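To be precise, the following lines are start_31.tsv, and they hold TSV, N, CA and C atoms.
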```tsv
chain	number	residue	atom	x	y	z
A	1	MET	N	163.84	82.55	176.65
A	1	MET	CA	163.28	83.88	176.87
A	1	MET	C	162.50	83.83	178.19
A	2	SER	N	162.69	84.84	179.00
A	2	SER	CA	161.96	84.90	180.28
A	2	SER	C	160.49	85.24	180.04
A	3	PHE	N	159.67	84.87	180.98
A	3	PHE	CA	158.26	85.18	180.88
A	3	PHE	C	158.04	86.69	180.83
A	4	LYS	N	158.82	87.42	181.61
A	4	LYS	CA	158.73	88.88	181.63
A	4	LYS	C	159.00	89.46	180.24
A	5	ASN	N	160.01	88.94	179.55
A	5	ASN	CA	160.31	89.41	178.20
A	5	ASN	C	159.23	89.01	177.21
A	6	TYR	N	158.66	87.83	177.41
A	6	TYR	CA	157.57	87.37	176.54
A	6	TYR	C	156.39	88.33	176.65
A	7	ILE	N	156.02	88.71	177.87
A	7	ILE	CA	154.90	89.64	178.09
A	7	ILE	C	155.24	91.01	177.49
A	8	LYS	N	156.47	91.43	177.65
A	8	LYS	CA	156.89	92.72	177.09
A	8	LYS	C	156.72	92.73	175.57
A	9	ILE	N	157.18	91.68	174.90
A	9	ILE	CA	157.05	91.59	173.44
A	9	ILE	C	155.57	91.54	173.04
A	10	PHE	N	154.80	90.77	173.79
A	10	PHE	CA	153.36	90.65	173.53
A	10	PHE	C	152.67	92.01	173.62
A	11	LEU	N	152.97	92.78	174.66
A	11	LEU	CA	152.35	94.10	174.82
A	11	LEU	C	152.78	95.06	173.71
A	12	LEU	N	154.04	95.05	173.39
A	12	LEU	CA	154.54	95.98	172.38
A	12	LEU	C	154.04	95.63	170.98
A	13	SER	N	153.62	94.39	170.78
A	13	SER	CA	153.12	94.01	169.45
A	13	SER	C	151.75	94.62	169.18
A	14	GLY	N	151.03	94.96	170.25
A	14	GLY	CA	149.69	95.53	170.09
A	14	GLY	C	148.63	94.52	169.74
A	15	LYS	N	148.98	93.24	169.75
A	15	LYS	CA	148.04	92.18	169.37
A	15	LYS	C	147.56	91.46	170.63
A	16	ILE	N	146.54	91.98	171.24
A	16	ILE	CA	146.00	91.38	172.45
A	16	ILE	C	144.75	90.61	172.05
A	17	THR	N	144.82	89.30	172.17
A	17	THR	CA	143.71	88.45	171.79
A	17	THR	C	143.50	87.36	172.82
A	18	ALA	N	142.39	86.71	172.75
A	18	ALA	CA	142.11	85.56	173.61
A	18	ALA	C	142.44	84.30	172.83
A	19	TYR	N	142.91	83.31	173.51
A	19	TYR	CA	143.26	82.05	172.88
A	19	TYR	C	142.37	80.94	173.42
A	20	ARG	N	141.95	80.06	172.55
A	20	ARG	CA	141.17	78.90	172.97
A	20	ARG	C	142.12	77.79	173.41
A	21	SER	N	141.63	76.96	174.31
A	21	SER	CA	142.43	75.85	174.79
A	21	SER	C	141.59	74.57	174.74
A	22	ILE	N	142.22	73.49	174.33
A	22	ILE	CA	141.49	72.22	174.31
A	22	ILE	C	141.24	71.73	175.73
A	23	LYS	N	141.89	72.32	176.72
A	23	LYS	CA	141.69	71.94	178.12
A	23	LYS	C	140.39	72.51	178.68
A	24	VAL	N	139.77	73.41	177.96
A	24	VAL	CA	138.59	74.11	178.47
A	24	VAL	C	137.35	73.61	177.76
A	25	ARG	N	136.55	72.86	178.50
A	25	ARG	CA	135.30	72.35	177.95
A	25	ARG	C	134.08	72.99	178.59
A	26	ASN	N	134.29	73.59	179.76
A	26	ASN	CA	133.18	74.21	180.49
A	26	ASN	C	133.75	75.25	181.46
A	27	LEU	N	132.88	75.86	182.21
A	27	LEU	CA	133.28	76.93	183.11
A	27	LEU	C	134.27	76.44	184.17
A	28	TYR	N	134.01	75.28	184.73
A	28	TYR	CA	134.90	74.77	185.77
A	28	TYR	C	136.28	74.45	185.20
A	29	ASP	N	136.34	73.88	184.01
A	29	ASP	CA	137.63	73.63	183.35
A	29	ASP	C	138.38	74.94	183.12
A	30	SER	N	137.66	75.97	182.74
A	30	SER	CA	138.28	77.29	182.54
A	30	SER	C	138.90	77.78	183.84
A	31	TYR	N	138.15	77.64	184.92
A	31	TYR	CA	138.65	78.04	186.23
A	31	TYR	C	139.89	77.24	186.61
A	32	LEU	N	139.86	75.92	186.39
A	32	LEU	CA	141.01	75.09	186.73
A	32	LEU	C	142.26	75.49	185.94
A	33	LEU	N	142.08	75.78	184.65
A	33	LEU	CA	143.20	76.21	183.83
A	33	LEU	C	143.75	77.54	184.34
A	34	TRP	N	142.86	78.50	184.58
A	34	TRP	CA	143.28	79.81	185.11
A	34	TRP	C	144.00	79.64	186.43
A	35	SER	N	143.45	78.86	187.36
A	35	SER	CA	144.07	78.72	188.68
A	35	SER	C	145.43	78.03	188.58
A	36	SER	N	145.58	77.10	187.64
A	36	SER	CA	146.90	76.46	187.47
A	36	SER	C	147.92	77.49	186.98
A	37	TYR	N	147.50	78.39	186.09
A	37	TYR	CA	148.41	79.44	185.63
A	37	TYR	C	148.79	80.37	186.78
A	38	VAL	N	147.82	80.73	187.60
A	38	VAL	CA	148.09	81.63	188.72
A	38	VAL	C	149.04	80.96	189.71
A	39	ARG	N	148.77	79.72	190.06
A	39	ARG	CA	149.66	79.01	191.00
A	39	ARG	C	151.08	78.91	190.45
A	40	ARG	N	151.19	78.62	189.17
A	40	ARG	CA	152.51	78.53	188.54
A	40	ARG	C	153.21	79.89	188.57
A	41	ALA	N	152.49	80.94	188.32
A	41	ALA	CA	153.08	82.28	188.34
A	41	ALA	C	153.60	82.64	189.73
A	42	PHE	N	152.87	82.22	190.76
A	42	PHE	CA	153.28	82.53	192.12
A	42	PHE	C	154.54	81.79	192.55
A	43	GLU	N	154.98	80.83	191.77
A	43	GLU	CA	156.22	80.12	192.06
A	43	GLU	C	157.44	80.99	191.78
A	44	TYR	N	157.27	82.03	190.98
A	44	TYR	CA	158.37	82.93	190.66
A	44	TYR	C	158.47	84.01	191.73
A	45	ASN	N	159.68	84.51	191.93
A	45	ASN	CA	159.91	85.54	192.94
A	45	ASN	C	159.55	86.93	192.46
A	46	ASN	N	159.76	87.19	191.22
A	46	ASN	CA	159.63	88.56	190.70
A	46	ASN	C	158.42	88.65	189.77
A	47	ILE	N	157.23	88.69	190.37
A	47	ILE	CA	156.02	88.79	189.56
A	47	ILE	C	155.26	90.06	189.92
A	48	MET	N	154.44	90.48	189.02
A	48	MET	CA	153.52	91.59	189.28
A	48	MET	C	152.12	91.01	189.19
A	49	HIS	N	151.42	91.08	190.27
A	49	HIS	CA	150.07	90.51	190.35
A	49	HIS	C	149.06	91.65	190.14
A	50	VAL	N	148.22	91.52	189.14
A	50	VAL	CA	147.23	92.54	188.83
A	50	VAL	C	145.84	91.92	188.92
A	51	LYS	N	145.02	92.49	189.73
A	51	LYS	CA	143.63	92.04	189.83
A	51	LYS	C	142.83	92.76	188.74
A	52	TYR	N	142.05	91.99	187.99
A	52	TYR	CA	141.30	92.52	186.85
A	52	TYR	C	140.44	93.73	187.25
A	53	GLU	N	139.76	93.63	188.38
A	53	GLU	CA	138.88	94.73	188.82
A	53	GLU	C	139.67	96.00	189.11
A	54	GLU	N	140.88	95.85	189.62
A	54	GLU	CA	141.73	97.02	189.87
A	54	GLU	C	142.19	97.63	188.54
A	55	LEU	N	142.45	96.78	187.57
A	55	LEU	CA	142.83	97.27	186.25
A	55	LEU	C	141.68	98.07	185.63
A	56	LEU	N	140.46	97.57	185.79
A	56	LEU	CA	139.31	98.29	185.26
A	56	LEU	C	139.08	99.61	185.99
A	57	ASP	N	139.33	99.63	187.29
A	57	ASP	CA	139.14	100.85	188.09
A	57	ASP	C	140.13	101.95	187.72
A	58	ASN	N	141.36	101.55	187.49
A	58	ASN	CA	142.40	102.55	187.25
A	58	ASN	C	143.42	102.04	186.23
A	59	PRO	N	142.99	101.93	184.96
A	59	PRO	CA	143.89	101.35	183.96
A	59	PRO	C	145.18	102.14	183.75
A	60	ASN	N	145.12	103.46	183.80
A	60	ASN	CA	146.34	104.25	183.58
A	60	ASN	C	147.39	103.93	184.65
A	61	LYS	N	146.98	103.90	185.89
A	61	LYS	CA	147.91	103.63	186.98
A	61	LYS	C	148.51	102.22	186.86
A	62	ILE	N	147.64	101.24	186.63
A	62	ILE	CA	148.11	99.85	186.53
A	62	ILE	C	149.02	99.67	185.32
A	63	LEU	N	148.63	100.23	184.18
A	63	LEU	CA	149.46	100.10	182.98
A	63	LEU	C	150.81	100.79	183.14
A	64	ASN	N	150.81	101.95	183.77
A	64	ASN	CA	152.09	102.62	184.04
A	64	ASN	C	152.98	101.74	184.91
A	65	SER	N	152.40	101.13	185.94
A	65	SER	CA	153.17	100.22	186.81
A	65	SER	C	153.66	99.02	186.03
A	66	LEU	N	152.81	98.48	185.18
A	66	LEU	CA	153.18	97.31	184.37
A	66	LEU	C	154.32	97.66	183.42
A	67	PHE	N	154.22	98.78	182.74
A	67	PHE	CA	155.27	99.19	181.81
A	67	PHE	C	156.59	99.41	182.56
A	68	GLU	N	156.50	100.01	183.74
A	68	GLU	CA	157.70	100.22	184.54
A	68	GLU	C	158.30	98.87	184.95
A	69	TYR	N	157.46	97.95	185.39
A	69	TYR	CA	157.91	96.62	185.80
A	69	TYR	C	158.60	95.89	184.64
A	70	LEU	N	158.08	96.04	183.44
A	70	LEU	CA	158.62	95.37	182.26
A	70	LEU	C	159.75	96.15	181.59
A	71	ASP	N	160.13	97.26	182.18
A	71	ASP	CA	161.18	98.12	181.62
A	71	ASP	C	160.83	98.60	180.21
A	72	ILE	N	159.56	98.93	180.03
A	72	ILE	CA	159.11	99.51	178.76
A	72	ILE	C	159.04	101.02	178.96
A	73	GLU	N	159.64	101.74	178.05
A	73	GLU	CA	159.58	103.19	178.13
A	73	GLU	C	158.11	103.61	178.11
A	74	ILE	N	157.73	104.38	179.10
A	74	ILE	CA	156.32	104.78	179.22
A	74	ILE	C	155.98	105.78	178.14
A	75	ASN	N	155.02	105.40	177.35
A	75	ASN	CA	154.54	106.21	176.24
A	75	ASN	C	153.07	106.52	176.54
A	76	GLU	N	152.78	107.76	176.84
A	76	GLU	CA	151.42	108.13	177.25
A	76	GLU	C	150.38	107.82	176.17
A	77	ASN	N	150.75	107.90	174.90
A	77	ASN	CA	149.81	107.56	173.84
A	77	ASN	C	149.45	106.08	173.88
A	78	MET	N	150.47	105.23	174.12
A	78	MET	CA	150.24	103.80	174.20
A	78	MET	C	149.38	103.48	175.44
A	79	ILE	N	149.70	104.11	176.56
A	79	ILE	CA	148.93	103.91	177.79
A	79	ILE	C	147.48	104.32	177.56
A	80	SER	N	147.30	105.45	176.93
A	80	SER	CA	145.95	105.95	176.66
A	80	SER	C	145.19	105.02	175.72
A	81	ASP	N	145.89	104.52	174.70
A	81	ASP	CA	145.27	103.60	173.75
A	81	ASP	C	144.82	102.32	174.45
A	82	TYR	N	145.71	101.70	175.23
A	82	TYR	CA	145.35	100.48	175.96
A	82	TYR	C	144.23	100.75	176.96
A	83	SER	N	144.32	101.86	177.67
A	83	SER	CA	143.30	102.20	178.68
A	83	SER	C	141.92	102.34	178.07
A	84	SER	N	141.86	102.86	176.87
A	84	SER	CA	140.57	103.08	176.22
A	84	SER	C	139.88	101.77	175.84
A	85	ARG	N	140.63	100.67	175.82
A	85	ARG	CA	140.08	99.39	175.42
A	85	ARG	C	139.34	98.66	176.56
A	86	PHE	N	139.50	99.15	177.78
A	86	PHE	CA	138.88	98.49	178.92
A	86	PHE	C	137.46	99.00	179.11
A	87	ASN	N	136.56	98.09	179.34
A	87	ASN	CA	135.16	98.41	179.59
A	87	ASN	C	134.91	98.29	181.09
A	88	LYS	N	134.82	99.44	181.77
A	88	LYS	CA	134.65	99.43	183.22
A	88	LYS	C	133.36	98.75	183.65
A	89	ASP	N	132.40	98.63	182.76
A	89	ASP	CA	131.15	97.93	183.08
A	89	ASP	C	131.35	96.44	183.29
A	90	ARG	N	132.51	95.92	182.89
A	90	ARG	CA	132.80	94.49	183.06
A	90	ARG	C	133.19	94.14	184.49
A	91	LYS	N	133.44	95.15	185.32
A	91	LYS	CA	133.81	94.89	186.72
A	91	LYS	C	132.68	94.12	187.40
A	92	TYR	N	133.00	92.95	187.90
A	92	TYR	CA	132.04	92.07	188.57
A	92	TYR	C	130.80	91.81	187.71
A	93	ALA	N	131.00	91.74	186.42
A	93	ALA	CA	129.87	91.52	185.50
A	93	ALA	C	129.16	90.20	185.77
A	94	PHE	N	129.87	89.25	186.35
A	94	PHE	CA	129.26	87.95	186.63
A	94	PHE	C	128.10	88.05	187.60
A	95	LEU	N	128.02	89.15	188.36
A	95	LEU	CA	126.94	89.30	189.34
A	95	LEU	C	125.57	89.40	188.67
A	96	LYS	N	125.56	89.65	187.38
A	96	LYS	CA	124.30	89.77	186.64
A	96	LYS	C	123.79	88.41	186.16
A	97	ASP	N	124.54	87.36	186.43
A	97	ASP	CA	124.20	86.03	185.94
A	97	ASP	C	124.11	85.06	187.13
A	98	ASP	N	122.93	84.51	187.37
A	98	ASP	CA	122.72	83.63	188.52
A	98	ASP	C	123.64	82.41	188.48
A	99	LYS	N	123.84	81.84	187.30
A	99	LYS	CA	124.71	80.67	187.16
A	99	LYS	C	126.14	81.00	187.57
A	100	LEU	N	126.63	82.16	187.14
A	100	LEU	CA	127.99	82.57	187.48
A	100	LEU	C	128.11	82.91	188.96
A	101	CYS	N	127.08	83.49	189.54
A	101	CYS	CA	127.08	83.78	190.98
A	101	CYS	C	127.16	82.48	191.78
A	102	SER	N	126.43	81.48	191.35
A	102	SER	CA	126.46	80.18	192.00
A	102	SER	C	127.85	79.56	191.88
A	103	PHE	N	128.44	79.66	190.71
A	103	PHE	CA	129.79	79.14	190.50
A	103	PHE	C	130.78	79.86	191.42
A	104	TYR	N	130.65	81.16	191.53
A	104	TYR	CA	131.52	81.96	192.42
A	104	TYR	C	131.40	81.45	193.85
A	105	GLU	N	130.20	81.19	194.30
A	105	GLU	CA	130.00	80.68	195.65
A	105	GLU	C	130.68	79.32	195.83
A	106	ASP	N	130.70	78.52	194.78
A	106	ASP	CA	131.33	77.20	194.84
A	106	ASP	C	132.86	77.29	194.97
A	107	ILE	N	133.46	78.32	194.38
A	107	ILE	CA	134.93	78.40	194.35
A	107	ILE	C	135.50	79.45	195.29
A	108	ILE	N	134.68	80.13	196.04
A	108	ILE	CA	135.14	81.25	196.85
A	108	ILE	C	136.27	80.86	197.81
A	109	ASN	N	136.19	79.69	198.43
A	109	ASN	CA	137.25	79.27	199.36
A	109	ASN	C	138.56	79.02	198.63
A	110	GLN	N	138.49	78.50	197.43
A	110	GLN	CA	139.70	78.30	196.65
A	110	GLN	C	140.34	79.63	196.28
A	111	LEU	N	139.51	80.62	195.96
A	111	LEU	CA	140.04	81.95	195.65
A	111	LEU	C	140.74	82.56	196.86
A	112	LEU	N	140.15	82.39	198.03
A	112	LEU	CA	140.76	82.91	199.25
A	112	LEU	C	142.10	82.23	199.52
A	113	ASN	N	142.19	80.93	199.24
A	113	ASN	CA	143.45	80.21	199.41
A	113	ASN	C	144.53	80.70	198.47
A	114	MET	N	144.12	81.31	197.36
A	114	MET	CA	145.07	81.84	196.38
A	114	MET	C	145.32	83.32	196.62
A	115	CYS	N	144.93	83.81	197.80
A	115	CYS	CA	145.16	85.21	198.20
A	115	CYS	C	144.29	86.21	197.45
A	116	TYR	N	143.15	85.76	196.98
A	116	TYR	CA	142.22	86.66	196.33
A	116	TYR	C	141.20	87.12	197.35
A	117	PHE	N	140.88	88.39	197.27
A	117	PHE	CA	139.83	88.92	198.13
A	117	PHE	C	138.50	88.65	197.47
A	118	THR	N	137.48	88.54	198.26
A	118	THR	CA	136.15	88.33	197.71
A	118	THR	C	135.43	89.66	197.69
A	119	LEU	N	134.23	89.63	197.14
A	119	LEU	CA	133.42	90.85	197.02
A	119	LEU	C	133.08	91.44	198.36
```

Take the structure I supplied and represent it as structure tokens, if you would.
Amino acid sequence: MSFKNYIKIFLLSGKITAYRSIKVRNLYDSYLLWSSYVRRAFEYNNIMHVKYEELLDNPNKILNSLFEYLDIEINENMISDYSSRFNKDRKYAFLKDDKLCSFYEDIINQLLNMCYFTL
């Protein structure tokens, strides 16, 4: 099964949850795991890259694009339901935590190398 089909099935199931990993023991391990996933995803030619902050800013637009990319028939009720689950206050929420701000400063160059824009 392709990764695209896996994501499509996952979205249509309506079961969006977070998963724990034994690879994650601390914040830096979490970052390393996330960055390895991002690097691996960029190895594929046909990916859709979504920045979390952009999703929070405009969930309807991003979800419509995602559904189109995954060849899912766009259902406005489903889009509305998913959109309502996003908390726009989470955008750059780490700025409220000195420890997280310090961590961000430590990894900023790595983020730039991965084509991420900074604040």

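The spacing separating atom C of Leu111 (chain A) from atom N of Asp71 (chain A) amounts to 28.4 Å.
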
- Item | Residue nearest Ser83 (chain A) among A:Ile62, A:Ile47, A:Ile7, A:Val38 (counting only C-alpha atoms) |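 For Ser83 (chain A), the nearest of the given residues is A:Ile62.
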
- Query: Between A:Asp98, A:Asn46, A:Met78, A:Tyr69, which has the minimum distance to Ser13 (chain A) (counting only C-alpha atoms)?
  - Reply: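 Answer, going by the shortest atom-to-atom distance: A:Met78.
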
- as a ChimeraX atom specification, list the residues of chain A assigned to alpha helix (DSSP H) by DSSP on the backbone atoms of this structure. /A:3-13,27-41,52-57,59-69,76-84,98-113

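In terms of minimum interatomic distance to Ser80 (chain A), A:Asn60 ranks closest within A:Ser102, A:Gln110, A:Asn60, A:Asn26, counting all atoms listed in the file.
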
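The space between CA of Ala93 (chain A) and CA of Leu56 (chain A) spans 11.6 Å.
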
- Two-atom distance - CA of Leu112 (chain A), CA of Asn64 (chain A) (Å):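 Rounded to one decimal, the two atoms are 27.4 Å apart.
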
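Closest approach to Lys91 (chain A) from the set A:Tyr52, A:Lys61, A:Phe67, A:Glu43 is made by A:Tyr52, with distances taken over only N, CA and C atoms.
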
- Ser65 (chain A): which residues within 10 Å, counting only C-alpha atoms, same-chain residues fewer than 6 positions away excluded, as a count of residues only? 5

- Item | Residue with smallest distance to Lys88 (chain A) - pool A:Leu11, A:Leu55, A:Asn75, A:Ser35, counting all atoms listed in the file |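 Selected residue with least distance to Lys88 (chain A): A:Leu55.
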